[in-house]
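protein12.csv (CSV, C-alpha atoms) appears below.
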chain,number,residue,atom,x,y,z
A,1,MET,CA,5.8,36.2,1.0
A,2,GLU,CA,3.4,37.9,3.3
A,3,LEU,CA,1.2,34.8,3.6
A,4,LYS,CA,-1.5,36.6,5.5
A,5,GLN,CA,-2.3,38.5,2.3
A,6,GLU,CA,-2.4,35.3,0.1
A,7,THR,CA,-5.3,33.2,-1.1
A,8,LEU,CA,-4.1,29.7,-2.1
A,9,LEU,CA,-6.1,27.4,-4.4
A,10,VAL,CA,-5.0,23.8,-4.6
A,11,ILE,CA,-6.3,21.9,-7.6
A,12,ALA,CA,-6.2,18.2,-7.0
A,13,PRO,CA,-7.1,15.3,-9.3
A,14,HIS,CA,-8.4,13.4,-6.3
A,15,ALA,CA,-9.0,13.9,-2.6
A,16,ASP,CA,-5.7,13.2,-0.7
A,17,ASP,CA,-3.5,14.8,-3.4
A,18,GLU,CA,-3.9,18.1,-1.6
A,19,ILE,CA,-2.3,16.6,1.5
A,20,LEU,CA,0.4,14.6,-0.2
A,21,GLY,CA,1.6,17.6,-2.2
A,22,CYS,CA,0.6,20.7,-0.3
A,23,CYS,CA,-0.2,20.2,3.3
A,24,GLY,CA,2.8,22.1,4.6
A,25,LEU,CA,2.0,25.1,2.4
A,26,ILE,CA,-1.7,24.9,3.3
A,27,ASN,CA,-0.7,25.0,7.0
A,28,LYS,CA,1.6,27.9,6.5
A,29,VAL,CA,-0.9,30.0,4.7
A,30,LYS,CA,-3.6,29.3,7.3
A,31,GLU,CA,-1.3,29.8,10.3
A,32,ASN,CA,-0.3,33.2,8.9
A,33,GLY,CA,-3.9,34.4,8.4
A,34,GLY,CA,-4.3,33.7,4.7
A,35,LYS,CA,-7.1,31.8,2.9
A,36,VAL,CA,-7.1,28.3,1.4
A,37,PHE,CA,-9.5,26.7,-1.1
A,38,VAL,CA,-9.3,23.2,-2.5
A,39,HIS,CA,-10.8,22.1,-5.8
A,40,VAL,CA,-11.0,18.3,-6.2
A,41,LEU,CA,-11.8,17.3,-9.7
A,42,SER,CA,-12.9,13.7,-9.0
A,43,ILE,CA,-14.1,11.4,-6.3
A,44,GLY,CA,-15.6,8.0,-7.2
A,45,GLY,CA,-16.0,4.5,-6.0
A,46,PHE,CA,-13.4,1.9,-7.1
A,47,ASN,CA,-12.1,-1.6,-6.2
A,48,LYS,CA,-8.9,-1.4,-4.2
A,49,ILE,CA,-6.7,-4.4,-4.2
A,50,GLY,CA,-6.8,-6.0,-0.7
A,51,PHE,CA,-9.6,-3.7,0.5
A,52,GLY,CA,-12.6,-4.4,-1.7
A,53,LYS,CA,-14.9,-1.7,-2.9
A,54,ILE,CA,-14.3,1.9,-1.8
A,55,GLN,CA,-17.5,3.8,-1.9
A,56,LYS,CA,-17.4,7.4,-3.1
A,57,GLU,CA,-19.5,8.5,-0.1
A,58,SER,CA,-17.0,7.2,2.5
A,59,TRP,CA,-14.1,8.9,0.6
A,60,LYS,CA,-16.0,12.2,0.5
A,61,ALA,CA,-16.6,11.8,4.3
A,62,GLU,CA,-12.9,11.5,4.8
A,63,PHE,CA,-12.2,14.5,2.6
A,64,LEU,CA,-14.7,16.6,4.7
A,65,LYS,CA,-12.8,15.6,7.9
A,66,VAL,CA,-9.6,16.9,6.3
A,67,ILE,CA,-11.3,20.1,5.3
A,68,LYS,CA,-12.4,20.6,8.9
A,69,PHE,CA,-9.1,19.6,10.4
A,70,LEU,CA,-7.1,22.1,8.2
A,71,LYS,CA,-9.8,24.8,8.5
A,72,ILE,CA,-10.1,25.1,4.7
A,73,ASP,CA,-12.1,28.2,3.7
A,74,GLY,CA,-13.9,26.5,0.8
A,75,TYR,CA,-13.9,23.5,-1.5
A,76,ASP,CA,-15.6,21.9,-4.5
A,77,ILE,CA,-15.8,18.5,-6.1
A,78,SER,CA,-16.4,18.7,-9.8
A,79,TYR,CA,-17.1,15.1,-10.6
A,80,PHE,CA,-18.6,13.1,-7.7
A,81,ASN,CA,-19.5,9.8,-9.5
A,82,ASP,CA,-18.0,6.5,-10.5
A,83,LYS,CA,-18.4,7.3,-14.2
A,84,ASN,CA,-15.6,9.9,-14.4
A,85,PHE,CA,-13.3,8.6,-11.7
A,86,LEU,CA,-9.9,7.6,-13.1
A,87,LYS,CA,-11.1,8.9,-16.5
A,88,LEU,CA,-10.4,12.6,-16.4
A,89,ASP,CA,-8.4,12.1,-19.6
A,90,THR,CA,-11.6,11.1,-21.4
A,91,ILE,CA,-13.4,14.4,-20.5
A,92,PRO,CA,-12.9,17.1,-23.2
A,93,GLN,CA,-10.1,19.4,-22.0
A,94,ALA,CA,-12.3,22.5,-22.7
A,95,GLU,CA,-14.8,21.1,-20.1
A,96,LEU,CA,-12.1,20.7,-17.4
A,97,ILE,CA,-10.8,24.2,-18.2
A,98,ASN,CA,-14.3,25.6,-17.8
A,99,LYS,CA,-14.7,23.9,-14.4
A,100,ILE,CA,-11.4,25.3,-13.2
A,101,GLU,CA,-11.7,28.8,-14.7
A,102,LEU,CA,-15.4,29.6,-14.3
A,103,LYS,CA,-17.9,26.9,-13.2
A,104,SER,CA,-16.6,25.5,-9.9
A,105,LYS,CA,-17.6,27.0,-6.6
A,106,VAL,CA,-13.9,27.7,-6.1
A,107,SER,CA,-13.1,28.6,-9.6
A,108,LEU,CA,-10.3,31.1,-10.5
A,109,SER,CA,-12.9,33.7,-11.5
A,110,LYS,CA,-14.8,33.4,-8.2
A,111,ILE,CA,-12.0,33.3,-5.6
A,112,LYS,CA,-9.2,35.1,-7.5
A,113,PRO,CA,-6.4,33.2,-5.8
A,114,THR,CA,-2.9,34.7,-5.6
A,115,ILE,CA,-1.2,31.3,-5.4
A,116,VAL,CA,-2.4,28.3,-7.4
A,117,ALA,CA,-0.9,24.8,-6.8
A,118,ILE,CA,-1.4,22.1,-9.4
A,119,PRO,CA,-0.1,18.6,-9.8
A,120,THR,CA,3.1,17.9,-11.7
A,121,ILE,CA,2.8,16.6,-15.3
A,122,TYR,CA,5.6,14.1,-14.4
A,123,SER,CA,3.3,11.4,-13.4
A,124,TYR,CA,2.2,8.0,-14.7
A,125,HIS,CA,-1.4,8.7,-13.6
A,126,GLN,CA,-3.6,9.9,-16.4
A,127,ASP,CA,-5.8,12.0,-14.1
A,128,HIS,CA,-2.8,13.9,-12.8
A,129,ILE,CA,-1.7,14.6,-16.4
A,130,ALA,CA,-5.2,15.7,-17.5
A,131,THR,CA,-5.5,18.0,-14.4
A,132,TYR,CA,-2.1,19.6,-15.1
A,133,LYS,CA,-2.9,20.3,-18.7
A,134,ALA,CA,-6.3,21.8,-18.0
A,135,SER,CA,-5.0,23.9,-15.1
A,136,ILE,CA,-2.1,25.4,-17.2
A,137,ALA,CA,-4.6,26.3,-19.9
A,138,ALA,CA,-7.0,27.9,-17.4
A,139,LEU,CA,-4.1,29.9,-15.8
A,140,ARG,CA,-2.9,31.4,-19.1
A,141,VAL,CA,-2.7,35.2,-19.2
A,142,ARG,CA,-5.6,36.7,-21.2
A,143,PRO,CA,-5.8,40.4,-20.4
A,144,GLN,CA,-8.3,41.0,-23.2
A,145,ILE,CA,-10.8,38.8,-21.4
A,146,SER,CA,-10.0,39.1,-17.7
A,147,ASP,CA,-8.0,41.5,-15.5
A,148,PHE,CA,-7.3,38.6,-13.1
A,149,VAL,CA,-4.0,36.8,-13.2
A,150,ALA,CA,-2.7,34.4,-10.4
A,151,LYS,CA,0.6,35.9,-9.5
A,152,THR,CA,2.1,32.6,-8.4
A,153,VAL,CA,1.7,29.2,-10.1
A,154,ILE,CA,3.4,26.1,-8.8
A,155,SER,CA,3.2,22.4,-9.3
A,156,TYR,CA,3.5,19.9,-6.5
A,157,GLU,CA,4.7,16.3,-6.4
A,158,SER,CA,2.7,13.3,-5.3
A,159,SER,CA,2.8,9.6,-4.7
A,160,GLU,CA,1.9,9.2,-8.4
A,161,TYR,CA,5.1,10.9,-9.5
A,162,SER,CA,7.4,8.5,-11.2
A,163,HIS,CA,10.3,8.3,-13.6
A,164,TRP,CA,8.0,6.0,-15.5
A,165,SER,CA,6.0,9.1,-16.5
A,166,PRO,CA,5.3,9.3,-20.3
A,167,TYR,CA,7.2,12.6,-20.2
A,168,SER,CA,10.3,11.2,-18.4
A,169,GLU,CA,12.4,11.2,-21.7
A,170,THR,CA,12.1,14.9,-21.9
A,171,GLY,CA,12.5,15.8,-18.2
A,172,SER,CA,11.4,15.1,-14.7
A,173,PHE,CA,9.9,16.9,-11.7
A,174,SER,CA,12.6,19.5,-10.9
A,175,PRO,CA,11.8,21.5,-7.7
A,176,ASN,CA,13.0,25.0,-7.5
A,177,LEU,CA,10.9,26.2,-4.7
A,178,PHE,CA,11.0,24.8,-1.2
A,179,PHE,CA,9.1,25.4,2.1
A,180,ASN,CA,10.9,24.5,5.3
A,181,MET,CA,8.8,22.2,7.5
A,182,SER,CA,9.1,21.8,11.3
A,183,LYS,CA,8.5,18.5,13.1
A,184,LYS,CA,5.2,19.8,14.2
A,185,GLU,CA,4.1,20.5,10.6
A,186,ILE,CA,5.3,17.0,9.5
A,187,ASP,CA,3.2,15.5,12.3
A,188,LYS,CA,0.2,17.6,11.2
A,189,LYS,CA,0.6,16.4,7.6
A,190,ILE,CA,0.8,12.8,8.8
A,191,THR,CA,-2.4,13.3,10.9
A,192,ALA,CA,-4.2,14.8,7.9
A,193,LEU,CA,-3.3,11.9,5.7
A,194,SER,CA,-4.3,9.4,8.3
A,195,LEU,CA,-7.9,10.7,8.0
A,196,TYR,CA,-8.0,9.2,4.5
A,197,LYS,CA,-8.2,5.7,5.9
A,198,SER,CA,-9.4,4.3,2.6
A,199,GLN,CA,-6.4,5.8,0.7
A,200,LEU,CA,-3.5,4.7,2.9
A,201,ARG,CA,-1.0,2.4,1.3
A,202,LYS,CA,2.0,1.0,3.2
A,203,GLY,CA,5.3,2.1,1.7
A,204,HIS,CA,3.6,4.3,-0.8
A,205,ARG,CA,1.1,6.6,0.8
A,206,ASP,CA,1.7,6.5,4.6
A,207,LYS,CA,3.5,8.1,7.5
A,208,ASN,CA,7.0,6.7,6.5
A,209,SER,CA,6.7,7.9,2.9
A,210,ILE,CA,5.8,11.4,4.0
A,211,ILE,CA,8.8,11.5,6.4
A,212,LYS,CA,11.3,10.1,3.9
A,213,LEU,CA,10.3,12.4,1.1
A,214,SER,CA,10.3,15.4,3.4
A,215,GLN,CA,13.8,14.4,4.6
A,216,ILE,CA,15.1,14.1,1.0
A,217,ARG,CA,13.8,17.5,0.1
A,218,GLY,CA,15.2,18.9,3.3
A,219,LEU,CA,18.7,17.5,2.5
A,220,GLU,CA,18.5,19.4,-0.9
A,221,THR,CA,18.1,22.7,0.9
A,222,GLY,CA,20.0,22.2,4.2
A,223,VAL,CA,17.0,21.7,6.6
A,224,ASP,CA,15.5,18.7,8.4
A,225,PHE,CA,12.3,18.6,6.4
A,226,ALA,CA,10.9,20.4,3.4
A,227,GLU,CA,8.1,20.4,0.8
A,228,ALA,CA,9.1,20.9,-2.8
A,229,TYR,CA,7.5,22.6,-5.8
A,230,HIS,CA,8.3,23.7,-9.3
A,231,LEU,CA,7.7,27.4,-9.8
A,232,HIS,CA,6.0,28.2,-13.1
A,233,ARG,CA,5.2,31.9,-12.6
A,234,LEU,CA,6.0,34.5,-10.0
A,235,PHE,CA,5.5,38.2,-10.1
A,236,PHE,CA,4.9,41.1,-7.7
For this file, produce the structure as structure tokens.
Amino acid sequence: MELKQETLLVIAPHADDEILGCCGLINKVKENGGKVFVHVLSIGGFNKIGFGKIQKESWKAEFLKVIKFLKIDGYDISYFNDKNFLKLDTIPQAELINKIELKSKVSLSKIKPTIVAIPTIYSYHQDHIATYKASIAALRVRPQISDFVAKTVISYESSEYSHWSPYSETGSFSPNLFFNMSKKEIDKKITALSLYKSQLRKGHRDKNSIIKLSQIRGLETGVDFAEAYHLHRLFF
């Protein structure tokens, strides 16, 4: 890939999924002169066990710090409220597709990304599953309507990935695309995640979990660290 020619769009159910799943890829595209956009579907306030109420404003402020740190070219948050947070599965799928395809400030039709990264369906989290389904539908090839087709579509793993997924009986996240990561890139991913102070969770969403998963994916490909994806579409 000539990454300087690429435009990456990361579609994330919530702010922090873009770091957990795609920070290495984001960094590689930016370092090579490409463009990166992030579409977060939902940020809202919620009660976090052991932390009390997390306000949506403070979570958004953390997200904006990450955007600045990674020099993201553009972003959008489709649902910035408590009503829709953790309830993306209750929103009509056609509405989510419309956001991704047309209505968002970083929609497919507006930025015409060459690479689109979406969450894996193999998750126990209803928002991740809803985001995957809507994204796949929005990314379908429809030459009779639009001449734009994202040439690369990949799904990323996250801390919500689990063999307890409702789809685990038919399969699991099976990476077939890997990006080598240097120690410097791992450190940058850790720093980016640390900006989400309200979302850190020891042993689940923290420095050690990033290192361990990156090492596991590295072992699968013969390198020290790697970020793993499932490739859905690739053409030149």
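Minimum distance to Tyr75 (chain A) across A:Leu102, A:Ile115, A:Leu20, A:Ala12 (counting all atoms listed in the file) occurs at A:Ala12.
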ask   = Could you name the residues that touch region 177-180 of chain A at 12 Å or less, counting only C-alpha atoms, but leaving out those on the same chain fewer than 5 positions away, as a PyMOL selection string?
value = chain A and resi 1+21-29+152-157+185-186+214-234
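Put simply, CA of Thr120 (chain A) is 6.9 Å away from CA of Phe173 (chain A).
Between CA of Lys56 (chain A) and CA of Ile43 (chain A) the separation is 6.1 Å.
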ask   = Between A:Lys188, A:Lys103, A:Arg140, A:Lys87, which is the closest to Ile210 (chain A) once you count all atoms listed in the file?
value = A:Lys188
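The coordinates place CA of Asp17 (chain A) at 6.7 Å from CA of Ser158 (chain A).
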With only C-alpha atoms as the counted atoms, please give the residues lying no more than 12 Å from region 192-207 of chain A, apart from itself and same-chain residues fewer than 4 positions off, as a PDB file with C-alpha atoms, in the frame of the given file.
ATOM      1  CA  HIS A  14      -8.400  13.400  -6.300  1.00  0.00           C
ATOM      2  CA  ALA A  15      -9.000  13.900  -2.600  1.00  0.00           C
ATOM      3  CA  ASP A  16      -5.700  13.200  -0.700  1.00  0.00           C
ATOM      4  CA  ASP A  17      -3.500  14.800  -3.400  1.00  0.00           C
ATOM      5  CA  GLU A  18      -3.900  18.100  -1.600  1.00  0.00           C
ATOM      6  CA  ILE A  19      -2.300  16.600   1.500  1.00  0.00           C
ATOM      7  CA  LEU A  20       0.400  14.600  -0.200  1.00  0.00           C
ATOM      8  CA  GLY A  21       1.600  17.600  -2.200  1.00  0.00           C
ATOM      9  CA  CYS A  22       0.600  20.700  -0.300  1.00  0.00           C
ATOM     10  CA  CYS A  23      -0.200  20.200   3.300  1.00  0.00           C
ATOM     11  CA  GLY A  24       2.800  22.100   4.600  1.00  0.00           C
ATOM     12  CA  ILE A  26      -1.700  24.900   3.300  1.00  0.00           C
ATOM     13  CA  ASN A  27      -0.700  25.000   7.000  1.00  0.00           C
ATOM     14  CA  ILE A  43     -14.100  11.400  -6.300  1.00  0.00           C
ATOM     15  CA  GLY A  45     -16.000   4.500  -6.000  1.00  0.00           C
ATOM     16  CA  PHE A  46     -13.400   1.900  -7.100  1.00  0.00           C
ATOM     17  CA  ASN A  47     -12.100  -1.600  -6.200  1.00  0.00           C
ATOM     18  CA  LYS A  48      -8.900  -1.400  -4.200  1.00  0.00           C
ATOM     19  CA  ILE A  49      -6.700  -4.400  -4.200  1.00  0.00           C
ATOM     20  CA  GLY A  50      -6.800  -6.000  -0.700  1.00  0.00           C
ATOM     21  CA  PHE A  51      -9.600  -3.700   0.500  1.00  0.00           C
ATOM     22  CA  GLY A  52     -12.600  -4.400  -1.700  1.00  0.00           C
ATOM     23  CA  LYS A  53     -14.900  -1.700  -2.900  1.00  0.00           C
ATOM     24  CA  ILE A  54     -14.300   1.900  -1.800  1.00  0.00           C
ATOM     25  CA  GLN A  55     -17.500   3.800  -1.900  1.00  0.00           C
ATOM     26  CA  LYS A  56     -17.400   7.400  -3.100  1.00  0.00           C
ATOM     27  CA  GLU A  57     -19.500   8.500  -0.100  1.00  0.00           C
ATOM     28  CA  SER A  58     -17.000   7.200   2.500  1.00  0.00           C
ATOM     29  CA  TRP A  59     -14.100   8.900   0.600  1.00  0.00           C
ATOM     30  CA  LYS A  60     -16.000  12.200   0.500  1.00  0.00           C
ATOM     31  CA  ALA A  61     -16.600  11.800   4.300  1.00  0.00           C
ATOM     32  CA  GLU A  62     -12.900  11.500   4.800  1.00  0.00           C
ATOM     33  CA  PHE A  63     -12.200  14.500   2.600  1.00  0.00           C
ATOM     34  CA  LEU A  64     -14.700  16.600   4.700  1.00  0.00           C
ATOM     35  CA  LYS A  65     -12.800  15.600   7.900  1.00  0.00           C
ATOM     36  CA  VAL A  66      -9.600  16.900   6.300  1.00  0.00           C
ATOM     37  CA  ILE A  67     -11.300  20.100   5.300  1.00  0.00           C
ATOM     38  CA  LYS A  68     -12.400  20.600   8.900  1.00  0.00           C
ATOM     39  CA  PHE A  69      -9.100  19.600  10.400  1.00  0.00           C
ATOM     40  CA  LEU A  70      -7.100  22.100   8.200  1.00  0.00           C
ATOM     41  CA  LYS A  71      -9.800  24.800   8.500  1.00  0.00           C
ATOM     42  CA  SER A 158       2.700  13.300  -5.300  1.00  0.00           C
ATOM     43  CA  SER A 159       2.800   9.600  -4.700  1.00  0.00           C
ATOM     44  CA  GLU A 160       1.900   9.200  -8.400  1.00  0.00           C
ATOM     45  CA  TYR A 161       5.100  10.900  -9.500  1.00  0.00           C
ATOM     46  CA  SER A 162       7.400   8.500 -11.200  1.00  0.00           C
ATOM     47  CA  GLU A 185       4.100  20.500  10.600  1.00  0.00           C
ATOM     48  CA  ILE A 186       5.300  17.000   9.500  1.00  0.00           C
ATOM     49  CA  ASP A 187       3.200  15.500  12.300  1.00  0.00           C
ATOM     50  CA  LYS A 188       0.200  17.600  11.200  1.00  0.00           C
ATOM     51  CA  ILE A 211       8.800  11.500   6.400  1.00  0.00           C
ATOM     52  CA  LYS A 212      11.300  10.100   3.900  1.00  0.00           C
ATOM     53  CA  LEU A 213      10.300  12.400   1.100  1.00  0.00           C
ATOM     54  CA  SER A 214      10.300  15.400   3.400  1.00  0.00           C
TER      55      SER A 214
END
ask   = Using only C-alpha atoms, which residue out of A:Ile136, A:Ser78, A:Pro113, A:Pro13 lies closest to Gly34 (chain A)?
value = A:Pro113
request  = Please tell me which residues are no farther than 9 Å from (-16.9, 21.8, -4.0) in the file, counting all atoms listed in the file, and write them as number ranges by chain.
outcome  = A: 38-41, 74-78, 104-106
Neighbours of Ile111 (chain A) within 9 Å (all atoms listed in the file; same-chain residues fewer than 6 positions away dropped), as a PDB file with C-alpha atoms, keeping the file's coordinate frame?
ATOM      1  CA  THR A   7      -5.300  33.200  -1.100  1.00  0.00           C
ATOM      2  CA  LEU A   9      -6.100  27.400  -4.400  1.00  0.00           C
ATOM      3  CA  PHE A  37      -9.500  26.700  -1.100  1.00  0.00           C
ATOM      4  CA  LYS A 105     -17.600  27.000  -6.600  1.00  0.00           C
TER       5      LYS A 105
END
